[in-house]
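A.B. asks: Following this message is one structure expressed as structure tokens.
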Amino acid sequence: MLPVHQKQLKITDVSAKKLEKLNLHTPWDIALHLPLRYEDETHIMPIADAPAGTPCQVEGEVLHQEVQFKPRRQLIVQIADGSGSVLHLRFIHFYASHQKQMAVGKRIRAVGEIKRGFYGDEMIHPKIRDAENSGLAESLTPVYPTVNGLNQPTLRRIIQTALDTVPLHDTLPDELLGRLKLPHLAESLRLLHAPPPSYTIYQLSDGTLPAWQRLKFDELLAQQLSMRLARQKRVSGTAKALKGNGGLSDKLVRSLPFDLTRAQQRVLSEIRADLAQTHPMHRLLQGDVGSGKTIVAALSALTAIEAGYQVAVMAPTEILAEQHYIKFKQWFEPMGLAVAWLSGSQRKKEKEQNKAAVSDGLAPIAVGTHALFQEDVQFQNLGLVIVDEQHRFGVAQRLALKNKGQDVHQLMMSATPIPRTLAMSFFADLDVSVIDELPPNRTPIKTRLVNNARRAEVEGFMLNTCRKGQQAYWVCPLIEESETLQLQTATETLEALQTALPELSVGLVHGRMKAAEKAEIMAEFSAGRLNVLVATTVIEVGVDVPNASLMVIEHAERMGLAQLHQLRGRVGRGGAASHCVLLFAEPLSELAKARLKVIYEHTDGFEIARQDLNIRGPGEFLGARQSGVPMLRFANLEEDLHLLEKAREIAPQLIEQRPDIVDAHLDRWLSSREGYLGV
Ligand code: ADP
Ligand code: MG
């Protein structure tokens with residue numbers, strides 16, 4: 001079936017398919033498909049004056065043409081314009097028609113970037129036009145994001161037709177636009193798609209141009225509106241009010257070898273206030289690594305259990321889930337509360353037993369991986385779901401949870417701090433509690449950057465550390481392309497360390513191991529029977545062995561900032577002075593240098609997250625990489641903070657006073673993109 005817009009816009013089937021690939025489904029989507037950049041074809045540069053590295057247009061006569069076969073088949077065309085220089089045009093993909101178009105003696109125009117190449121000045125795959133039959137462009141030429149098989153002229157034509165087809169009337173009232181000093185949408189779109197001759201590339205690429213500001217504002221407003229509506233929907237939903245009598249939680253608190261920090265107490269009372277409501281809680285518990293989120297989770301769980309409901313605790317990896325299981329068992333079983341365990345790798349019989357304990361209500365709490373929700377696990381009366389490291393779950397798993405948990409309270413936990421701008425823009429439907437204080441007596445961690453060539457010194461340092469009775473982690477490099485290779489490297493590292501340091505007992509834990517084997521090694525390490533734990537990055541989250549005071553990370557330059565921060569947070573949990581050694585191998589990319597500098601200079605997770613956002617944009621925090629959908633196309637959270645603040649202020653007013661505007665606005669901006677929001 002043809003999409004409705006195909007006939008309207010006179011689009012061929014092939015183009016329609018390509019547009020789908022670009023996620024453009026309606027004429028409005030197409031009208032909102034804005035240029036990535038602009039090319040200047042309004043004038044011609046003399047070849048001798050054309051600057052290298054910036055796009056420009058030149059014109060000249062073809063002096064020579066030949067097909068070369070070395071190093072590969074390519075077409076080389078030389079042109080000159082009398083300015084004194086010869087320009088080489090090089091094509092790696094070409095057809096006979098190109099050779100004809102650029103026959104010797106023809107006058108042609110070429111648009112592209114000049115590079116100083118081996119043969120002199122050259123343009124690779126420039127855009128070619130016949131000089132005799134084409135006039136100069138009157139305004140800058142927009143260049144759009146596209147996919148293979150949909151060329152710029154076709155896309156430009158489709159977009160122009162879309163602009164003529166869709167009603168461009170404004171969704172926002174003039175009064176509001178006046179107050180915000182923003183231009184009309186129609187005007188803005190026309191300007192950006194077909195800039196008048198008076199505009200320069202520089203002006204149009206500047207995000208502060210009013211036309212861009214208008215689009216960014218609209219985008220941010222749409223996002224704020226949809227988040228707020230999601231919130232309203234949740235708040236008007238129903239959930240069981242979970243009011244505990246404090247009996248069980250007081251008992252647990254009394255049994256702990258430490259007092260809760262003030263921050264822990266505060267977030268706990270925020271969570272309890274939410275649980276007592278008759279609509280589902282949707283709260284993120286945020287706290288740096290080691291800030292003590294687990295006990296807060298346990299005490300929240302007890303509130304639900306006191307009220308007579310069950311709790312599910314879910315973690316993204318088996319190791320982490322199992323750590324929680326061990327902790328919860330240790331805390332809960334003495335109070336006569338059974339803890340069920342559900343994981344993907346579990347034996348069938350064991351799984352059946354645990355599932356039964358959950359479904360007949362024998363176990364008030366179940367801990368596990370996403371197996372908790374993917375299998376046919378039936379809770380008798382689920383009241384609260386606790387999700388650790390929520391952002392590490394894939395979108396499908398989060399959706400499964402969302403569907404399962406329509407009317408249950410949800411507590412998410414994360415050590416990856418969400419910077420304020422992100423929290424403001426993407427998590428409007430998430431209440432946030434922050435543990436902003438570490439438990440007392442933590443020793444600061446000293447971080448060192450060490451060239452891999454000096455690895456032997458690091459081994460020596462490790463030996464000394466272990467001789468003092470402390471323990472160490474040695475994290476093997478991440479090898480994304482091959483798990484087998486990663487395993488091989490880890491095994492080699494293990495053997496190398498065993499050979500170099502025969503006096504130490506060294507263990508290995510990696511992702512391919514069976515859950516039971518992993519648990520066994522972890523238990524050995526926890527009990528202090530292993531001095532050193534060699535690990536692939538599986539230990540990244542949640543592992544808690546206070547006697548470990550040294551963390552060595554190999555090829556630290558390959559890891560992301562959040563990951564480095566998490567890994568480093570595995571030490572510094574006991575009384576001993578702790579060290580984190582980041583081994584790196586040269587050459588370092590700019591990105592790697594920037595990251596290592598940040599992790600070296602900062603220990604505060606929030607600051608690291610902020611810098612991370614600067615370095616690589618918000619995608620990672622949001623799991624956008626998994627979903628593949630960019631969250632914001634036009635606005636940039638750091639640069640456009642003022643617009644975000646305005647959108648945040650105006651969204652609730654519009655929802656209150658002008659539901660008609662809200663509908664129209666969301667219809668335009670989100671009609672085909674709804675899927676990614678709110679997961
Ligand atoms: P995270 O927030 O990274 O999940 P954990 O919950 O694993 O941190 O806690 C880290 C360590 O701190 C654990 O060993 C835990 O027992 C301990 N801990 C938690 N709260 C306190 C506290 N108030 N005082 C002292 N130690 C605490
Ligand atoms: Mg934790």
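In the structure tokens, chains take the letters A, B, ... in the order shown, each chain's residues start at 1, and ligands count up from 1 in the order shown.
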Tell me, as a PyMOL selection string, which residues lie within 8 Å of Ser505 (chain A), counting only C-alpha atoms; anything in the same chain fewer than 2 positions away does not count.

C.D. replies: chain A and resi 498+502-503+507+529-532

A.B. asks: For Arg455 (chain A), work out the shell of residues within 12 Å, counting only C-alpha atoms and skipping chain neighbours fewer than 6 positions away, then give it as a VMD selection string.

C.D. replies: chain A and resid 449 461 to 462 474 493 496 to 497 500 552 to 555 581 to 585

A.B. asks: Let's have the selection written as a PDB file, in the first residue's frame, with N, CA and C atoms.

C.D. replies:
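This is the output file out-v7.pdb:
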```pdb
ATOM      1  N   LEU A 449      47.978   7.521  35.593  1.00  0.00           N
ATOM      2  CA  LEU A 449      48.002   7.107  34.189  1.00  0.00           C
ATOM      3  C   LEU A 449      49.382   6.546  33.908  1.00  0.00           C
ATOM      4  N   PHE A 461      54.157  -2.979  42.074  1.00  0.00           N
ATOM      5  CA  PHE A 461      53.319  -2.232  42.993  1.00  0.00           C
ATOM      6  C   PHE A 461      52.193  -3.123  43.530  1.00  0.00           C
ATOM      7  N   MET A 462      51.678  -3.948  42.650  1.00  0.00           N
ATOM      8  CA  MET A 462      50.599  -4.855  43.039  1.00  0.00           C
ATOM      9  C   MET A 462      51.101  -5.871  44.070  1.00  0.00           C
ATOM     10  N   TRP A 474      42.493  -6.705  38.434  1.00  0.00           N
ATOM     11  CA  TRP A 474      43.215  -6.411  37.190  1.00  0.00           C
ATOM     12  C   TRP A 474      42.209  -6.591  36.058  1.00  0.00           C
ATOM     13  N   THR A 493      46.625 -12.841  30.291  1.00  0.00           N
ATOM     14  CA  THR A 493      46.958 -11.946  31.394  1.00  0.00           C
ATOM     15  C   THR A 493      47.086 -12.742  32.690  1.00  0.00           C
ATOM     16  N   ALA A 496      50.320 -14.638  32.606  1.00  0.00           N
ATOM     17  CA  ALA A 496      51.464 -13.731  32.736  1.00  0.00           C
ATOM     18  C   ALA A 496      51.634 -13.290  34.190  1.00  0.00           C
ATOM     19  N   LEU A 497      50.529 -12.972  34.838  1.00  0.00           N
ATOM     20  CA  LEU A 497      50.626 -12.513  36.228  1.00  0.00           C
ATOM     21  C   LEU A 497      51.055 -13.654  37.146  1.00  0.00           C
ATOM     22  N   ALA A 500      54.778 -13.992  36.617  1.00  0.00           N
ATOM     23  CA  ALA A 500      55.570 -12.875  37.139  1.00  0.00           C
ATOM     24  C   ALA A 500      55.494 -12.798  38.669  1.00  0.00           C
ATOM     25  N   VAL A 552      43.681  -2.096  38.628  1.00  0.00           N
ATOM     26  CA  VAL A 552      44.489  -1.846  37.435  1.00  0.00           C
ATOM     27  C   VAL A 552      43.582  -2.047  36.229  1.00  0.00           C
ATOM     28  N   ILE A 553      43.556  -1.081  35.353  1.00  0.00           N
ATOM     29  CA  ILE A 553      42.701  -1.199  34.163  1.00  0.00           C
ATOM     30  C   ILE A 553      43.577  -1.133  32.921  1.00  0.00           C
ATOM     31  N   GLU A 554      43.587  -2.220  32.166  1.00  0.00           N
ATOM     32  CA  GLU A 554      44.394  -2.264  30.950  1.00  0.00           C
ATOM     33  C   GLU A 554      43.664  -1.603  29.799  1.00  0.00           C
ATOM     34  N   HIS A 555      44.418  -1.008  28.906  1.00  0.00           N
ATOM     35  CA  HIS A 555      43.838  -0.318  27.753  1.00  0.00           C
ATOM     36  C   HIS A 555      42.680   0.579  28.180  1.00  0.00           C
ATOM     37  N   VAL A 581      45.163   2.347  38.757  1.00  0.00           N
ATOM     38  CA  VAL A 581      46.182   2.541  37.729  1.00  0.00           C
ATOM     39  C   VAL A 581      45.540   2.337  36.366  1.00  0.00           C
ATOM     40  N   LEU A 582      45.602   3.374  35.550  1.00  0.00           N
ATOM     41  CA  LEU A 582      45.038   3.280  34.207  1.00  0.00           C
ATOM     42  C   LEU A 582      46.175   3.054  33.227  1.00  0.00           C
ATOM     43  N   LEU A 583      46.290   1.847  32.715  1.00  0.00           N
ATOM     44  CA  LEU A 583      47.318   1.545  31.729  1.00  0.00           C
ATOM     45  C   LEU A 583      46.796   1.947  30.356  1.00  0.00           C
ATOM     46  N   PHE A 584      47.615   2.662  29.616  1.00  0.00           N
ATOM     47  CA  PHE A 584      47.164   3.033  28.279  1.00  0.00           C
ATOM     48  C   PHE A 584      48.232   2.688  27.258  1.00  0.00           C
ATOM     49  N   ALA A 585      47.825   2.501  26.018  1.00  0.00           N
ATOM     50  CA  ALA A 585      48.762   2.210  24.941  1.00  0.00           C
ATOM     51  C   ALA A 585      48.696   3.339  23.924  1.00  0.00           C
TER      52      ALA A 585
END
```

A.B. asks: Write down as a PyMOL selection string the residues belonging to region 217-425 of chain A that are assigned strand (DSSP E) by DSSP computed on the backbone.

C.D. replies: chain A and resi 282-287+310-314+339-342+365-368+382-388+409-414

A.B. asks: Select the residues contacting ligand 1 at a distance of at most 10 Å, based on only C-alpha atoms and all ligand atoms, then format the selection as an NGL selection string.

C.D. replies: :A and (256-265 or 285-298 or 320 or 323-324 or 327 or 388-389 or 413-415 or 435 or 437-442 or 541-546 or 566 or 569-570 or 572-574)

A.B. asks: Report as a PDB file with N, CA and C atoms, in the first residue's frame all protein, DNA and RNA residues lying within 10 Å of region 149-157 of chain A, evaluated on only C-alpha atoms, omitting residues in the same chain fewer than 5 positions from it.

C.D. replies:
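New file around11.pdb:
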```pdb
ATOM      1  N   LEU A   9       2.925  14.029  -2.802  1.00  0.00           N
ATOM      2  CA  LEU A   9       4.236  14.622  -3.035  1.00  0.00           C
ATOM      3  C   LEU A   9       4.881  14.108  -4.315  1.00  0.00           C
ATOM      4  N   LYS A  10       4.122  13.296  -5.062  1.00  0.00           N
ATOM      5  CA  LYS A  10       4.637  12.735  -6.325  1.00  0.00           C
ATOM      6  C   LYS A  10       5.971  12.016  -6.099  1.00  0.00           C
ATOM      7  N   ILE A  11       5.945  11.088  -5.181  1.00  0.00           N
ATOM      8  CA  ILE A  11       7.163  10.373  -4.846  1.00  0.00           C
ATOM      9  C   ILE A  11       7.114   8.966  -5.424  1.00  0.00           C
ATOM     10  N   VAL A  14      10.446   3.870  -4.913  1.00  0.00           N
ATOM     11  CA  VAL A  14      11.828   3.753  -4.446  1.00  0.00           C
ATOM     12  C   VAL A  14      12.146   4.873  -3.460  1.00  0.00           C
ATOM     13  N   SER A  15      11.791   6.102  -3.841  1.00  0.00           N
ATOM     14  CA  SER A  15      12.063   7.221  -2.935  1.00  0.00           C
ATOM     15  C   SER A  15      11.308   7.065  -1.630  1.00  0.00           C
ATOM     16  N   ALA A  16      10.072   6.596  -1.719  1.00  0.00           N
ATOM     17  CA  ALA A  16       9.262   6.442  -0.504  1.00  0.00           C
ATOM     18  C   ALA A  16       9.953   5.489   0.464  1.00  0.00           C
ATOM     19  N   LYS A  17      10.506   4.410  -0.076  1.00  0.00           N
ATOM     20  CA  LYS A  17      11.218   3.452   0.784  1.00  0.00           C
ATOM     21  C   LYS A  17      12.419   4.095   1.448  1.00  0.00           C
ATOM     22  N   LYS A  18      13.118   4.910   0.666  1.00  0.00           N
ATOM     23  CA  LYS A  18      14.302   5.576   1.223  1.00  0.00           C
ATOM     24  C   LYS A  18      13.889   6.558   2.315  1.00  0.00           C
ATOM     25  N   LEU A  19      12.772   7.240   2.080  1.00  0.00           N
ATOM     26  CA  LEU A  19      12.302   8.191   3.099  1.00  0.00           C
ATOM     27  C   LEU A  19      11.957   7.465   4.393  1.00  0.00           C
ATOM     28  N   ILE A  30       8.783  15.276   6.573  1.00  0.00           N
ATOM     29  CA  ILE A  30       9.672  15.689   5.482  1.00  0.00           C
ATOM     30  C   ILE A  30       9.973  17.178   5.575  1.00  0.00           C
ATOM     31  N   HIS A  33      12.649  17.861   7.945  1.00  0.00           N
ATOM     32  CA  HIS A  33      13.964  17.276   7.678  1.00  0.00           C
ATOM     33  C   HIS A  33      14.887  18.412   7.240  1.00  0.00           C
ATOM     34  N   PRO A  35      18.392  20.868   6.736  1.00  0.00           N
ATOM     35  CA  PRO A  35      19.750  20.671   6.199  1.00  0.00           C
ATOM     36  C   PRO A  35      20.790  20.439   7.293  1.00  0.00           C
ATOM     37  N   THR A 141      22.938  26.356  -1.236  1.00  0.00           N
ATOM     38  CA  THR A 141      22.280  25.080  -1.497  1.00  0.00           C
ATOM     39  C   THR A 141      22.269  24.234  -0.233  1.00  0.00           C
ATOM     40  N   PRO A 142      21.073  23.840   0.240  1.00  0.00           N
ATOM     41  CA  PRO A 142      21.039  23.004   1.444  1.00  0.00           C
ATOM     42  C   PRO A 142      21.524  21.591   1.146  1.00  0.00           C
ATOM     43  N   VAL A 143      22.218  20.996   2.106  1.00  0.00           N
ATOM     44  CA  VAL A 143      22.637  19.602   1.978  1.00  0.00           C
ATOM     45  C   VAL A 143      21.967  18.833   3.113  1.00  0.00           C
ATOM     46  N   TYR A 144      21.181  17.812   2.753  1.00  0.00           N
ATOM     47  CA  TYR A 144      20.380  17.107   3.754  1.00  0.00           C
ATOM     48  C   TYR A 144      21.005  15.777   4.171  1.00  0.00           C
ATOM     49  N   ALA A 162       6.834  19.156  -0.223  1.00  0.00           N
ATOM     50  CA  ALA A 162       6.215  18.981   1.095  1.00  0.00           C
ATOM     51  C   ALA A 162       5.912  20.338   1.720  1.00  0.00           C
ATOM     52  N   LEU A 163       6.841  21.254   1.579  1.00  0.00           N
ATOM     53  CA  LEU A 163       6.628  22.595   2.144  1.00  0.00           C
ATOM     54  C   LEU A 163       5.415  23.269   1.515  1.00  0.00           C
ATOM     55  N   HIS A 193      15.287  25.903   4.650  1.00  0.00           N
ATOM     56  CA  HIS A 193      15.295  25.013   3.482  1.00  0.00           C
ATOM     57  C   HIS A 193      15.740  25.734   2.219  1.00  0.00           C
ATOM     58  N   ALA A 194      15.389  27.012   2.107  1.00  0.00           N
ATOM     59  CA  ALA A 194      15.729  27.759   0.901  1.00  0.00           C
ATOM     60  C   ALA A 194      16.172  29.159   1.299  1.00  0.00           C
TER      61      ALA A 194
END
```

A.B. asks: Kindly indicate which residue among A:Ala276, A:Leu299, A:Ile445, A:Ala96 lies nearest to Ala576 (chain A), using only C-alpha atoms for the distances.

C.D. replies: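 Result for the nearest residue to Ala576 (chain A): A:Ile445.
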
A.B. asks: Any idea what's packed within 9 Å of region 215-231 of chain A, counting only C-alpha atoms, ignoring anything in its chain fewer than 5 positions away? Could you give it as a PyMOL selection string?

C.D. replies: chain A and resi 32+182+185+188-189+207+210+236+424-430+632-636+640+643-644+646-648+650-652+654-655+662+665-666+668-670+674+677-678

A.B. asks: In Å, how far is it from CA of Gln65 (chain A) to CA of Ala110 (chain A)?

C.D. replies: 14.9 Å

A.B. asks: So, with only C-alpha atoms and all ligand atoms as the atoms that count, which of A:Asp121, A:Glu322, A:Glu457, A:Glu66 lies closest to ligand 2?

C.D. replies: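 So, comparing all the options, the nearest one is A:Glu322.
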
A.B. asks: Measuring between only C-alpha atoms and all ligand atoms, which one of A:Ala340, A:Val313, A:Val267, A:Ile114 shows the shortest distance to ligand 2?

C.D. replies: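 Ranking A:Ala340, A:Val313, A:Val267, A:Ile114 by distance to ligand 2, first place goes to A:Val313.
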
A.B. asks: When you count only C-alpha atoms and all ligand atoms, which of these residues is closest to ligand 2: A:Thr317, A:Gln380, A:Gln410, A:Thr447?

C.D. replies: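 For ligand 2, the nearest of the candidates is A:Thr317.
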
A.B. asks: Skip Ala519 (chain A) itself and residues of its chain fewer than 3 positions away, then list as a PyMOL selection string all residues within 8 Å of it, counting only C-alpha atoms.

C.D. replies: chain A and resi 319+322+515-516+522-523
